[in-house]
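Shown next: run.pdb, containing PDB, C-alpha atoms.
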ATOM      1  CA  MET Z   1      94.303  71.323 112.891
ATOM      2  CA  LEU Z   2      93.812  67.572 112.675
ATOM      3  CA  ASN Z   3      91.301  67.498 115.528
ATOM      4  CA  VAL Z   4      89.338  70.640 114.683
ATOM      5  CA  VAL Z   5      89.378  71.058 110.916
ATOM      6  CA  ILE Z   6      90.005  67.742 109.207
ATOM      7  CA  LYS Z   7      88.886  65.040 111.685
ATOM      8  CA  GLU Z   8      87.717  62.110 109.543
ATOM      9  CA  TYR Z   9      90.295  62.887 106.822
ATOM     10  CA  LYS Z  10      93.357  62.580 109.059
ATOM     11  CA  ASP Z  11      94.939  60.023 106.736
ATOM     12  CA  GLN Z  12      94.914  62.582 103.897
ATOM     13  CA  PHE Z  13      96.262  65.422 106.059
ATOM     14  CA  THR Z  14      99.580  65.762 104.188
ATOM     15  CA  VAL Z  15      97.884  66.108 100.801
ATOM     16  CA  ILE Z  16      95.207  68.484 102.112
ATOM     17  CA  PHE Z  17      97.761  70.661 103.903
ATOM     18  CA  LYS Z  18      99.983  70.855 100.813
ATOM     19  CA  LYS Z  19      97.057  71.911  98.610
ATOM     20  CA  ALA Z  20      95.917  74.485 101.165
ATOM     21  CA  CYS Z  21      99.424  75.979 101.254
ATOM     22  CA  GLU Z  22      99.544  76.173  97.455
ATOM     23  CA  HIS Z  23      96.180  77.966  97.258
ATOM     24  CA  LEU Z  24      97.088  80.399 100.028
ATOM     25  CA  GLU Z  25     100.215  81.402  98.147
ATOM     26  CA  THR Z  26      98.516  81.618  94.751
ATOM     27  CA  VAL Z  27      95.470  83.609  95.836
ATOM     28  CA  PHE Z  28      96.705  85.606  98.816
ATOM     29  CA  ASP Z  29     100.522  85.634  98.345
ATOM     30  CA  ILE Z  30     100.832  84.081 101.825
ATOM     31  CA  GLN Z  31     103.283  81.270 102.485
ATOM     32  CA  ILE Z  32     103.007  78.909 105.459
ATOM     33  CA  ARG Z  33     106.408  78.266 107.052
ATOM     34  CA  GLU Z  34     107.169  75.846 109.857
ATOM     35  CA  VAL Z  35     109.029  77.496 112.749
ATOM     36  CA  ASP Z  36     109.134  74.605 115.232
ATOM     37  CA  PRO Z  37     109.146  71.008 113.884
ATOM     38  CA  THR Z  38     108.713  69.521 117.371
ATOM     39  CA  THR Z  39     105.416  71.297 118.040
ATOM     40  CA  HIS Z  40     104.499  71.754 114.345
ATOM     41  CA  SER Z  41     104.126  75.498 114.762
ATOM     42  CA  TYR Z  42     103.711  77.623 111.634
ATOM     43  CA  VAL Z  43     103.739  81.303 110.691
ATOM     44  CA  LEU Z  44     102.130  83.092 107.752
ATOM     45  CA  VAL Z  45     104.547  85.095 105.600
ATOM     46  CA  ASN Z  46     103.815  87.554 102.778
ATOM     47  CA  VAL Z  47     106.126  86.284 100.030
ATOM     48  CA  LEU Z  48     105.642  88.866  97.265
ATOM     49  CA  ASP Z  49     107.254  92.284  97.148
ATOM     50  CA  LEU Z  50     104.139  94.112  95.969
ATOM     51  CA  ILE Z  51     102.731  96.384  98.663
ATOM     52  CA  TYR Z  52      99.280  96.996  97.162
ATOM     53  CA  GLU Z  53      96.741  97.780  99.885
ATOM     54  CA  ARG Z  54      94.583  94.869 101.021
ATOM     55  CA  VAL Z  55      90.912  94.585 100.186
ATOM     56  CA  VAL Z  56      88.544  94.297 103.157
ATOM     57  CA  ILE Z  57      86.240  91.284 103.372
ATOM     58  CA  HIS Z  58      84.096  90.728 106.473
ATOM     59  CA  GLY Z  59      86.451  92.923 108.451
ATOM     60  CA  GLN Z  60      89.566  91.054 107.292
ATOM     61  CA  ARG Z  61      92.221  92.670 105.087
ATOM     62  CA  ILE Z  62      93.068  90.292 102.243
ATOM     63  CA  PRO Z  63      95.926  90.850  99.742
ATOM     64  CA  PRO Z  64      94.874  90.469  96.087
ATOM     65  CA  ASN Z  65      98.512  90.292  94.989
ATOM     66  CA  GLY Z  66      98.280  86.724  93.709
ATOM     67  CA  LEU Z  67      95.850  87.814  90.997
ATOM     68  CA  LEU Z  68      97.958  90.869  90.204
ATOM     69  CA  MET Z  69     101.054  88.673  89.795
ATOM     70  CA  ILE Z  70      99.125  86.405  87.423
ATOM     71  CA  LEU Z  71      98.127  89.409  85.316
ATOM     72  CA  LEU Z  72     101.685  90.737  85.274
ATOM     73  CA  GLY Z  73     102.778  87.257  84.253
ATOM     74  CA  VAL Z  74     100.442  86.914  81.276
ATOM     75  CA  ILE Z  75     101.392  90.429  80.143
ATOM     76  CA  LEU Z  76     105.038  89.341  80.266
ATOM     77  CA  LEU Z  77     104.278  86.140  78.347
ATOM     78  CA  GLU Z  78     102.450  88.150  75.663
ATOM     79  CA  ASP Z  79     105.489  90.286  74.859
ATOM     80  CA  ASN Z  80     104.745  92.899  77.532
ATOM     81  CA  CYS Z  81     101.288  93.801  76.216
ATOM     82  CA  ILE Z  82      97.995  91.906  76.197
ATOM     83  CA  PRO Z  83      94.582  92.787  74.668
ATOM     84  CA  GLU Z  84      91.809  93.339  77.210
ATOM     85  CA  GLU Z  85      89.608  90.629  75.700
ATOM     86  CA  GLU Z  86      92.316  88.023  76.335
ATOM     87  CA  VAL Z  87      92.548  89.124  79.951
ATOM     88  CA  TRP Z  88      88.825  88.540  80.466
ATOM     89  CA  GLU Z  89      89.026  85.154  78.752
ATOM     90  CA  LEU Z  90      91.719  84.144  81.243
ATOM     91  CA  LEU Z  91      89.844  85.539  84.231
ATOM     92  CA  SER Z  92      86.614  83.795  83.230
ATOM     93  CA  ILE Z  93      88.450  80.472  83.591
ATOM     94  CA  MET Z  94      89.283  81.564  87.154
ATOM     95  CA  GLY Z  95      85.637  82.431  87.851
ATOM     96  CA  LEU Z  96      86.113  86.190  87.544
ATOM     97  CA  HIS Z  97      83.694  88.122  85.315
ATOM     98  CA  ALA Z  98      83.328  91.832  84.612
ATOM     99  CA  GLY Z  99      80.338  93.294  86.460
ATOM    100  CA  LYS Z 100      79.947  90.237  88.710
ATOM    101  CA  GLU Z 101      80.954  90.619  92.368
ATOM    102  CA  HIS Z 102      83.601  88.156  93.548
ATOM    103  CA  VAL Z 103      83.855  87.076  97.189
ATOM    104  CA  ILE Z 104      87.609  87.811  97.331
ATOM    105  CA  TYR Z 105      88.335  90.436  94.692
ATOM    106  CA  GLY Z 106      85.100  92.390  94.585
ATOM    107  CA  GLU Z 107      84.064  93.674  91.144
ATOM    108  CA  PRO Z 108      86.943  92.600  88.861
ATOM    109  CA  ARG Z 109      86.591  95.349  86.233
ATOM    110  CA  LYS Z 110      86.860  98.081  88.856
ATOM    111  CA  LEU Z 111      89.812  96.359  90.528
ATOM    112  CA  ILE Z 112      91.752  95.882  87.289
ATOM    113  CA  THR Z 113      90.866  98.879  85.106
ATOM    114  CA  GLU Z 114      90.523 101.457  87.895
ATOM    115  CA  ASP Z 115      92.177 100.519  91.208
ATOM    116  CA  TRP Z 116      95.351  98.897  89.839
ATOM    117  CA  VAL Z 117      95.613 101.492  87.070
ATOM    118  CA  GLN Z 118      95.271 104.388  89.539
ATOM    119  CA  LYS Z 119      97.886 102.746  91.776
ATOM    120  CA  GLN Z 120     100.100 102.472  88.654
ATOM    121  CA  TYR Z 121     100.525  98.704  88.794
ATOM    122  CA  LEU Z 122      98.941  98.438  85.344
ATOM    123  CA  GLN Z 123      98.665 100.622  82.268
ATOM    124  CA  TYR Z 124      95.297 100.484  80.510
ATOM    125  CA  ARG Z 125      95.371 102.187  77.131
ATOM    126  CA  GLN Z 126      93.468 102.278  73.865
ATOM    127  CA  VAL Z 127      95.011 100.327  71.028
ATOM    128  CA  PRO Z 128      96.254 102.889  68.493
ATOM    129  CA  ASN Z 129      93.947 103.395  65.485
ATOM    130  CA  SER Z 130      91.379 100.887  66.791
ATOM    131  CA  ASP Z 131      87.816 101.579  65.636
ATOM    132  CA  PRO Z 132      85.714 100.666  67.480
ATOM    133  CA  ALA Z 133      88.069 101.341  70.372
ATOM    134  CA  THR Z 134      89.783  98.351  71.958
ATOM    135  CA  TYR Z 135      92.106  98.377  74.936
ATOM    136  CA  GLU Z 136      95.224  96.616  76.180
ATOM    137  CA  PHE Z 137      97.175  96.154  79.405
ATOM    138  CA  LEU Z 138     100.858  96.728  80.132
ATOM    139  CA  TRP Z 139     102.960  96.816  83.297
ATOM    140  CA  GLY Z 140     102.703 100.104  85.164
ATOM    141  CA  PRO Z 141     105.675 101.956  86.681
ATOM    142  CA  ARG Z 142     104.876 100.757  90.204
ATOM    143  CA  ALA Z 143     105.014  97.114  89.079
ATOM    144  CA  TYR Z 144     108.508  97.708  87.688
ATOM    145  CA  ALA Z 145     109.499  99.361  90.959
ATOM    146  CA  GLU Z 146     108.114  96.761  93.366
ATOM    147  CA  THR Z 147     108.730  93.477  91.572
ATOM    148  CA  SER Z 148     110.743  92.171  88.614
ATOM    149  CA  LYS Z 149     110.362  89.973  85.552
ATOM    150  CA  LEU Z 150     112.370  87.256  87.283
ATOM    151  CA  LYS Z 151     110.116  87.190  90.354
ATOM    152  CA  VAL Z 152     106.999  87.128  88.209
ATOM    153  CA  LEU Z 153     108.359  84.204  86.168
ATOM    154  CA  GLU Z 154     109.264  82.374  89.374
ATOM    155  CA  PHE Z 155     105.696  82.881  90.582
ATOM    156  CA  LEU Z 156     104.215  81.594  87.314
ATOM    157  CA  ALA Z 157     106.516  78.562  87.330
ATOM    158  CA  LYS Z 158     105.493  77.726  90.885
ATOM    159  CA  ILE Z 159     101.721  77.918  90.368
ATOM    160  CA  ASN Z 160     102.027  75.924  87.130
ATOM    161  CA  GLY Z 161     104.304  73.292  88.652
ATOM    162  CA  THR Z 162     107.035  73.864  86.070
ATOM    163  CA  ASN Z 163     110.679  74.894  86.102
ATOM    164  CA  ILE Z 164     111.468  78.533  85.412
ATOM    165  CA  ASN Z 165     113.893  77.378  82.691
ATOM    166  CA  SER Z 166     110.865  76.290  80.666
ATOM    167  CA  PHE Z 167     110.296  79.963  79.838
ATOM    168  CA  SER Z 168     113.664  79.897  77.971
ATOM    169  CA  SER Z 169     114.103  83.266  76.220
ATOM    170  CA  LEU Z 170     111.931  85.098  78.756
ATOM    171  CA  TYR Z 171     114.067  83.682  81.559
ATOM    172  CA  GLU Z 172     117.217  84.959  79.858
ATOM    173  CA  GLU Z 173     115.586  88.372  79.414
ATOM    174  CA  ALA Z 174     114.583  88.372  83.086
ATOM    175  CA  LEU Z 175     118.158  87.581  84.160
ATOM    176  CA  ARG Z 176     119.474  90.474  82.041
ATOM    177  CA  ASP Z 177     116.839  92.736  83.560
ATOM    178  CA  GLU Z 178     117.934  91.643  87.050
ATOM    179  CA  GLU Z 179     121.573  92.452  86.244
ATOM    180  CA  GLU Z 180     120.615  95.908  84.997
ATOM    181  CA  ARG Z 181     118.596  96.557  88.157
ATOM    182  CA  ASP Z 182     121.548  95.493  90.313
ATOM    183  CA  GLN Z 183     123.899  97.782  88.387
ATOM    184  CA  ALA Z 184     121.462 100.674  88.794
ATOM    185  CA  ARG Z 185     121.406 100.148  92.572
ATOM    186  CA  ILE Z 186     125.217 100.451  92.933
ATOM    187  CA  PRO Z 187     125.609 104.198  92.232
ATOM    188  CA  PHE Z 188     122.416 104.866  94.204
ATOM    189  CA  ALA Z 189     123.822 103.036  97.252
ATOM    190  CA  CYS Z 190     127.113 104.931  96.896
ATOM    191  CA  SER Z 191     125.339 108.300  96.769
ATOM    192  CA  ILE Z 192     123.393 107.464  99.935
ATOM    193  CA  THR Z 193     126.581 106.449 101.759
ATOM    194  CA  THR Z 194     128.257 109.714 100.727
ATOM    195  CA  THR Z 195     125.225 111.720 101.841
ATOM    196  CA  LEU Z 196     125.394 110.079 105.267
ATOM    197  CA  GLY Z 197     128.949 111.330 105.637
ATOM    198  CA  GLU Z 198     130.660 107.957 105.436
ATOM    199  CA  ALA Z 199     133.746 107.256 103.391
ATOM    200  CA  PRO Z 200     132.493 104.683 100.890
ATOM    201  CA  ALA Z 201     134.604 102.091  99.183
ATOM    202  CA  PRO Z 202     135.199 102.906  95.504
ATOM    203  CA  CYS Z 203     132.162 102.020  93.454
ATOM    204  CA  PRO Z 204     132.578  99.741  90.427
ATOM    205  CA  THR Z 205     133.322 101.632  87.218
ATOM    206  CA  GLY Z 206     132.243  98.886  84.853
ATOM    207  CA  GLY Z 207     135.577  97.239  84.214
ATOM    208  CA  GLU Z 208     139.312  97.191  84.840
ATOM    209  CA  ASP Z 209     142.202  97.927  82.578
TER     210      ASP Z 209
END

So that I can check it, write out the structure of this file as structure tokens.
Amino acid sequence: MLNVVIKEYKDQFTVIFKKACEHLETVFDIQIREVDPTTHSYVLVNVLDLIYERVVIHGQRIPPNGLLMILLGVILLEDNCIPEEEVWELLSIMGLHAGKEHVIYGEPRKLITEDWVQKQYLQYRQVPNSDPATYEFLWGPRAYAETSKLKVLEFLAKINGTNINSFSSLYEEALRDEEERDQARIPFACSITTTLGEAPAPCPTGGED
């Protein structure tokens, strides 16, 4: 990497490599992990749980999950619902504009209001009683199934260089949500074990006398 890519900037390699890793994770949800410190070998790992199909660019399949996580994050920050106009204001800061093709994400309006809505990662609905009609975004059922509020907050904290505790009340809500999800998995796991013909250990009943 030093000899082929950076060359004259070898002295700044550490800073350049760190920034490259941060951008890979933010945009493509790919994390670079070192597997052999002696030879400085690395692997690329998909770090988000979302399984949305990759977009194809020049024959390469690229995951747009980083952008999706950002959108889920701002929806969460805006009390689980955000007006469409605010979404486009945010995306314009990132260089994404409705009707203008983007080298990574393609046409943003189609991706957000059609593709992700059809895949049920987002809900896109008209604001009740709005005239002229305005629209808003919410989490879709597939987002709830494949990620969680806690993971989205962790992602936002990382890309903003802050601690997840800075989200205070949202962090507490996310922890409660995580506990509820864990509790919901317990009876499901027990039912699967029973179906497989095993003798499961008694499942928790929610408390002891």

Report as a PyMOL selection string the residues that result from applying the PyMOL selection byres ((chain Z and resi 84) around 8) to the structure here. chain Z and resi 82-83+85-88+134-137

Go ahead and compute the interatomic distance for CA of Phe167 (chain Z) and CA of Val152 (chain Z), in Å to one decimal. 11.5 Å

Determine, counting all atoms listed in the file, which protein, DNA and RNA residues have an atom within 12 Å of an atom of Leu77 (chain Z); residues of the same chain fewer than 4 positions away are not included. Present the result as a VMD selection string. chain Z and resid 70 to 73 81 to 82 138 to 139 149 152 to 153 156 to 157 167 to 171 173 to 174

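Selection result for the displayed file, with the PyMOL selection byres ((chain Z and resi 109) around 12) as criterion, is Glu84, Glu85, Val87, Trp88, Leu91, Ser92, Leu96, His97, Ala98, Gly99, Lys100, Glu101, His102, Tyr105, Gly106, Glu107, Pro108, Lys110, Leu111, Ile112, Thr113, Glu114, Asp115, Trp116, Val117 and Tyr124 of chain Z.
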
Could you dump the residues just selected with C-alpha atoms as a PDB file, keeping the file's coordinate frame?
ATOM      1  CA  GLU Z  84      91.809  93.339  77.210  1.00  0.00           C
ATOM      2  CA  GLU Z  85      89.608  90.629  75.700  1.00  0.00           C
ATOM      3  CA  VAL Z  87      92.548  89.124  79.951  1.00  0.00           C
ATOM      4  CA  TRP Z  88      88.825  88.540  80.466  1.00  0.00           C
ATOM      5  CA  LEU Z  91      89.844  85.539  84.231  1.00  0.00           C
ATOM      6  CA  SER Z  92      86.614  83.795  83.230  1.00  0.00           C
ATOM      7  CA  LEU Z  96      86.113  86.190  87.544  1.00  0.00           C
ATOM      8  CA  HIS Z  97      83.694  88.122  85.315  1.00  0.00           C
ATOM      9  CA  ALA Z  98      83.328  91.832  84.612  1.00  0.00           C
ATOM     10  CA  GLY Z  99      80.338  93.294  86.460  1.00  0.00           C
ATOM     11  CA  LYS Z 100      79.947  90.237  88.710  1.00  0.00           C
ATOM     12  CA  GLU Z 101      80.954  90.619  92.368  1.00  0.00           C
ATOM     13  CA  HIS Z 102      83.601  88.156  93.548  1.00  0.00           C
ATOM     14  CA  TYR Z 105      88.335  90.436  94.692  1.00  0.00           C
ATOM     15  CA  GLY Z 106      85.100  92.390  94.585  1.00  0.00           C
ATOM     16  CA  GLU Z 107      84.064  93.674  91.144  1.00  0.00           C
ATOM     17  CA  PRO Z 108      86.943  92.600  88.861  1.00  0.00           C
ATOM     18  CA  LYS Z 110      86.860  98.081  88.856  1.00  0.00           C
ATOM     19  CA  LEU Z 111      89.812  96.359  90.528  1.00  0.00           C
ATOM     20  CA  ILE Z 112      91.752  95.882  87.289  1.00  0.00           C
ATOM     21  CA  THR Z 113      90.866  98.879  85.106  1.00  0.00           C
ATOM     22  CA  GLU Z 114      90.523 101.457  87.895  1.00  0.00           C
ATOM     23  CA  ASP Z 115      92.177 100.519  91.208  1.00  0.00           C
ATOM     24  CA  TRP Z 116      95.351  98.897  89.839  1.00  0.00           C
ATOM     25  CA  VAL Z 117      95.613 101.492  87.070  1.00  0.00           C
ATOM     26  CA  TYR Z 124      95.297 100.484  80.510  1.00  0.00           C
TER      27      TYR Z 124
END

Computed interatomic separation between CA of Ala184 (chain Z) and CA of Tyr121 (chain Z) (Å): 21.0 Å

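Using all atoms listed in the file for every distance, the candidate list Z:Pro141, Z:Gly95, Z:Met69, Z:Cys21 yields Z:Met69 as the residue closest to Glu154 (chain Z).
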